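Read the structure below first, then the notes.
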Amino acid sequence: MHERLVELADLQQALRRGPDPAATERQHARGKRTVRERIDLLLDQGSFTEVEGLRRHRATGFGLERKRPHGDGVVTGWGTVNGRQVFVYGHDFRIFGGALGEAHAQKIHKIMDLAEAAGAPLVALCDGAGARIQEGVTALAGYGGIFTRNVRMSGVVPQISVILGPCAGGAAYSPALTDFVFMVRGTAQMYITGPDVVQAVTGERVTHEQLGGADVHASLSGVCTFLHDDEQTCLEDVRYLLDLLPSNNRELPPGGDGAHDSRSQDAPPADALVNLVPADPHQAYDMRAVVKEIVDDAEYLELHERWAPNIVCALARLGGQVVGIVANQPMAGAGALDIDASEKGARFVQMCDSFNIPLVTLVDVPGFLPGTDQEHDGIIRRGAKLLYAYCNATVPRVQVILRKAYGGAYIVMDSRSIGCDLSFAWPTNEIAVMGAEAAANVVFRREIARSPDPRQTRAERVAEYQDQLMHPYYAAERGLVDDVIDPRRTRQVLIRSLRMLRAKHAPLPQRKHGNQPA
């Protein structure tokens, strides 16, 4: 027995060291950590339990039978993040470049099944060269098993993909199916077809970074949820995100007892919000500053910060309770909704609804962005995604209208008419089909045209329209806004409202699933 224990200890040490010191040096030279170093950063110290660490492939041909390292290029297991259970798998680029073969895939399938059964989040540390070509179709079938599980687990447990190296071909679809994608600038790349294939087919010369680097996916494609400069800060933010999420869809997010709240909801009101938001609806301001004033400790985690900046989607705490915040951003495109903003908002609303995270919607929207590009690229069906997501959401939903809320965009931004539980407005609110000047030009077009002084007539009719249909209490008088509130009380009103709604239960009709806009 003692001899066997020594043998086992040696084997475990070898697993920890990896296949070859030179391979580890090459990994570090690329500015990347080894898979086990990454897992140590992600999980609480000493909490990791490995599964199938001794697994080896059984493939033959092309020299594979002579190279059968333990682990087969992926480390799988579970541990804790701040005491809460988390499952993890990570590709080991030092073994077969992290490429996926049959045994490799079966290890991932196993840990995904365990995460689903245990009802705990799954984190994938991606650093692999795609399918193992030498194993042919069995490698492709392995990806199919991962994708099937990604879909089955969607909305059941949080799934987080962390891209720390290459993620090409079929491998890129698994992160796309998960809830959040982290990428590290300079080392992470994602694409379906690489630069060589692109050049061969189209003649276009492009680098790995230009084609699928972290900055591309953070600002252009919207694939990347969170962008980081190094692995350490990236994995620290993964831990922070996990602190804001429930373990599964049967639980509420952690911290609902107010334990995280450092500011009393009854604290004296601050004047900052009054000064932050100009009364003039045409004057821009930074909605992020408003969010900071409202949430606990002025802390929030923004998703897709660089993509579709005209809408802000963030996770934060209010009175200790985790909430999802959706807000128009007047600093970018006047806060108008367009295709990307609609898709970004819809995805976020669906995620929050999946994991029982209440929604707070801060509205200052002039409408949908006009233009032939938007219409031809499908603003109707893609803008409908945000509408569908809100209408389908059963979590507590509170709307606050800060200034303008015009046309269909007002409806889509979680208005009372599509099911928000409570709607509040500031005294600067303007809720209407369109702005007063545009409305007057339509309603009084002939009168203005016949007038001896069209400018004066237009100004009078604009003032008349504003006085009759756009005064701050018009919507409240008709029951479409629950109250017009002092901006300084926004935080207190939201905390009390969300606490009242915490036990909300709103079952959906019996159905297999809806058919949301493509």
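In the structure tokens, chains take letters A, B, ... by order of appearance, with residues numbered from 1 within each chain and ligands from 1 in the order shown.
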
### Task
Might you pull out every residue within 9 Å of Arg347 of chain A, with only C-alpha atoms counted and same-chain residues fewer than 3 positions away left off, and present them as a list of chain:residue names?
A:Asp179, A:Ser342, A:Glu343, A:Lys344, A:Gln350, A:Met351, A:Cys352, A:Lys385, A:Leu386, A:Ala389

Keeping only all heavy atoms, write the selected residues to a file as a compact mmCIF listing (two decimals), in the first residue's frame.
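Listed below is the output, result-v2.txt:
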```txt
# COMPACT_ATOMS: atom_id res chain seq x y z
N ASP A 179 -24.24 32.35 -21.06
CA ASP A 179 -24.85 33.61 -20.61
C ASP A 179 -23.89 34.79 -20.67
O ASP A 179 -24.31 35.92 -20.92
CB ASP A 179 -25.36 33.44 -19.17
CG ASP A 179 -26.39 32.34 -19.05
OD1 ASP A 179 -27.44 32.44 -19.71
OD2 ASP A 179 -26.14 31.37 -18.32
N SER A 342 -31.32 47.24 -29.07
CA SER A 342 -32.48 46.38 -28.83
C SER A 342 -32.04 44.96 -28.52
O SER A 342 -32.57 44.31 -27.60
CB SER A 342 -33.40 46.40 -30.06
OG SER A 342 -33.89 47.69 -30.31
N GLU A 343 -31.09 44.45 -29.28
CA GLU A 343 -30.63 43.08 -29.05
C GLU A 343 -29.86 42.96 -27.74
O GLU A 343 -30.01 41.99 -27.01
CB GLU A 343 -29.77 42.62 -30.23
CG GLU A 343 -30.58 42.49 -31.52
CD GLU A 343 -29.86 41.70 -32.60
OE1 GLU A 343 -28.61 41.71 -32.60
OE2 GLU A 343 -30.53 41.10 -33.45
N LYS A 344 -29.06 43.96 -27.44
CA LYS A 344 -28.32 43.97 -26.17
C LYS A 344 -29.29 43.99 -24.99
O LYS A 344 -29.15 43.22 -24.03
CB LYS A 344 -27.40 45.20 -26.15
CG LYS A 344 -26.71 45.47 -24.81
CD LYS A 344 -25.82 46.71 -24.95
CE LYS A 344 -25.28 47.21 -23.63
NZ LYS A 344 -24.39 48.39 -23.80
N GLN A 350 -33.71 38.94 -20.74
CA GLN A 350 -33.96 37.50 -20.70
C GLN A 350 -33.09 36.81 -19.65
O GLN A 350 -33.54 35.93 -18.93
CB GLN A 350 -33.69 36.87 -22.08
CG GLN A 350 -34.73 37.21 -23.11
CD GLN A 350 -34.40 36.67 -24.48
OE1 GLN A 350 -35.23 36.66 -25.36
NE2 GLN A 350 -33.18 36.22 -24.68
N MET A 351 -31.82 37.23 -19.57
CA MET A 351 -30.93 36.64 -18.57
C MET A 351 -31.43 36.93 -17.16
O MET A 351 -31.50 36.03 -16.31
CB MET A 351 -29.51 37.18 -18.76
CG MET A 351 -28.46 36.58 -17.83
SD MET A 351 -28.42 37.31 -16.16
CE MET A 351 -27.97 39.00 -16.53
N CYS A 352 -31.80 38.18 -16.90
CA CYS A 352 -32.30 38.54 -15.57
C CYS A 352 -33.55 37.76 -15.24
O CYS A 352 -33.71 37.26 -14.11
CB CYS A 352 -32.56 40.04 -15.50
SG CYS A 352 -31.08 41.07 -15.50
N LYS A 385 -37.41 42.18 -30.39
CA LYS A 385 -36.80 41.27 -29.40
C LYS A 385 -36.86 41.87 -28.00
O LYS A 385 -37.12 41.17 -27.02
CB LYS A 385 -35.35 40.99 -29.77
CG LYS A 385 -35.16 40.13 -31.01
CD LYS A 385 -33.70 39.85 -31.25
CE LYS A 385 -33.47 38.99 -32.48
NZ LYS A 385 -32.04 38.69 -32.69
N LEU A 386 -36.59 43.18 -27.90
CA LEU A 386 -36.63 43.83 -26.59
C LEU A 386 -38.05 43.86 -26.06
O LEU A 386 -38.30 43.60 -24.88
CB LEU A 386 -36.05 45.25 -26.70
CG LEU A 386 -35.98 46.06 -25.40
CD1 LEU A 386 -35.20 45.31 -24.32
CD2 LEU A 386 -35.34 47.43 -25.67
N ALA A 389 -38.92 40.36 -24.88
CA ALA A 389 -38.24 39.99 -23.64
C ALA A 389 -38.92 40.60 -22.42
O ALA A 389 -39.14 39.93 -21.41
CB ALA A 389 -36.78 40.44 -23.70
```

### Residue neighbourhood Ala99 of chain A, 6 Å, only C-alpha atoms, exclusion window fewer than 5 positions, as JSON, numbers by chain
{"A": [128, 129, 130, 131, 132]}

Output of the above residues as a compact mmCIF listing (two decimals), in the first residue's frame, restricted to N, CA, C and O atoms:
```txt
# COMPACT_ATOMS: atom_id res chain seq x y z
N GLY A 128 -8.15 26.68 -26.51
CA GLY A 128 -7.93 25.48 -27.29
C GLY A 128 -8.02 25.71 -28.78
O GLY A 128 -8.63 26.68 -29.24
N ALA A 129 -7.42 24.80 -29.51
CA ALA A 129 -7.28 24.96 -30.96
C ALA A 129 -8.42 24.33 -31.74
O ALA A 129 -8.26 24.04 -32.93
N GLY A 130 -9.55 24.09 -31.11
CA GLY A 130 -10.68 23.53 -31.84
C GLY A 130 -10.69 22.01 -31.80
O GLY A 130 -10.14 21.38 -30.89
N ALA A 131 -11.31 21.41 -32.80
CA ALA A 131 -11.44 19.95 -32.86
C ALA A 131 -10.09 19.30 -33.16
O ALA A 131 -9.29 19.82 -33.94
N ARG A 132 -9.84 18.15 -32.53
CA ARG A 132 -8.62 17.39 -32.77
C ARG A 132 -8.75 16.68 -34.12
O ARG A 132 -9.48 15.69 -34.25
```

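Residues of segment 196-268 of chain A assigned to alpha helix (DSSP H) by DSSP on this structure's backbone: A:Asp196, A:Val197, A:Val198, A:Gln199, A:Ala200, A:Val201, A:Thr202, A:His208, A:Glu209, A:Gln210, A:Leu211, A:Gly212, A:Ala214, A:Asp215, A:Val216, A:Glu231, A:Gln232, A:Thr233, A:Cys234, A:Leu235, A:Glu236, A:Asp237, A:Val238, A:Arg239, A:Tyr240, A:Leu241, A:Leu242, A:Asp243, A:Leu244.
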
### Query
Which polymer residues have any atom within 12 Å of an atom of Arg16 of chain A, counting only C-alpha atoms, with same-chain residues fewer than 2 positions away left out, as an NGL selection string?
:A and (9-14 or 18-21 or 24 or 34-37 or 39-40 or 50 or 53-54 or 70-71 or 75 or 92)

Please write the residues from the selection above to a file, keeping C-alpha atoms, as a short mmCIF file (atom, residue, chain, number, x, y, z; two decimals), in the first residue's frame.
```
data_model
loop_
_atom_site.label_atom_id
_atom_site.label_comp_id
_atom_site.auth_asym_id
_atom_site.auth_seq_id
_atom_site.Cartn_x
_atom_site.Cartn_y
_atom_site.Cartn_z
CA ALA A 9 1.54 10.99 -5.17
CA ASP A 10 4.11 11.07 -7.96
CA LEU A 11 1.38 10.82 -10.57
CA GLN A 12 -0.60 13.63 -9.01
CA GLN A 13 2.49 15.80 -8.90
CA ALA A 14 3.12 15.09 -12.57
CA GLY A 18 1.98 19.38 -16.73
CA PRO A 19 3.42 17.44 -19.65
CA ASP A 20 6.68 19.30 -20.13
CA PRO A 21 8.46 22.22 -18.40
CA THR A 24 4.80 25.60 -19.48
CA THR A 34 -1.48 27.39 -17.19
CA VAL A 35 -4.93 25.93 -16.72
CA ARG A 36 -4.30 25.00 -13.08
CA GLU A 37 -2.92 28.45 -12.30
CA ILE A 39 -8.30 27.57 -11.65
CA ASP A 40 -6.34 28.60 -8.54
CA GLU A 50 -10.68 17.33 -9.85
CA GLY A 53 -7.71 13.71 -13.99
CA LEU A 54 -6.27 10.36 -15.07
CA HIS A 70 -3.23 11.92 -18.60
CA GLY A 71 -6.03 14.47 -18.58
CA VAL A 75 -8.99 19.84 -16.46
CA ASP A 92 -4.74 22.82 -21.22
#
```

Closest contacts (segment 330-448 of chain A/segment 299-320 of chain A, max 12 Å, only C-alpha atoms) as CSV:
```
residue,atom,partner,partner_atom,distance
A:Pro330,CA,A:Asn310,CA,6.9
A:Met331,CA,A:Asn310,CA,7.2
A:Ala332,CA,A:Asn310,CA,4.7
A:Gly333,CA,A:Asn310,CA,6.0
A:Ala334,CA,A:Asn310,CA,7.2
A:Gly335,CA,A:Asn310,CA,4.8
A:Ala336,CA,A:Asn310,CA,6.6
A:Leu337,CA,A:Asn310,CA,7.1
A:Asp338,CA,A:Ala308,CA,8.4
A:Ile339,CA,A:Ala308,CA,8.7
A:Asp340,CA,A:Ala308,CA,5.4
A:Ala341,CA,A:Ala308,CA,5.1
A:Ser342,CA,A:Ile311,CA,8.4
A:Glu343,CA,A:Ala308,CA,9.0
A:Lys344,CA,A:Ala308,CA,7.2
A:Gly345,CA,A:Cys313,CA,6.8
A:Ala346,CA,A:Cys313,CA,10.0
A:Arg347,CA,A:Cys313,CA,9.8
A:Phe348,CA,A:Cys313,CA,6.8
A:Val349,CA,A:Cys313,CA,8.8
A:Gln350,CA,A:Cys313,CA,11.9
A:Met351,CA,A:Leu315,CA,11.0
A:Cys352,CA,A:Leu315,CA,9.1
A:Ile357,CA,A:Leu315,CA,9.0
A:Pro358,CA,A:Leu315,CA,10.0
A:Leu359,CA,A:Leu315,CA,9.5
A:Val360,CA,A:Ala314,CA,9.9
A:Thr361,CA,A:Cys313,CA,9.4
A:Leu362,CA,A:Val312,CA,9.4
A:Val363,CA,A:Ile311,CA,10.0
A:Asp364,CA,A:Ile311,CA,10.1
A:Val365,CA,A:Asn310,CA,9.7
A:Pro366,CA,A:Asn310,CA,11.4
A:Gly367,CA,A:Asn310,CA,11.8
A:Phe368,CA,A:Asn310,CA,11.2
A:Leu369,CA,A:Asn310,CA,10.6
A:Leu386,CA,A:Ile311,CA,11.8
A:Met413,CA,A:Ile311,CA,10.8
```
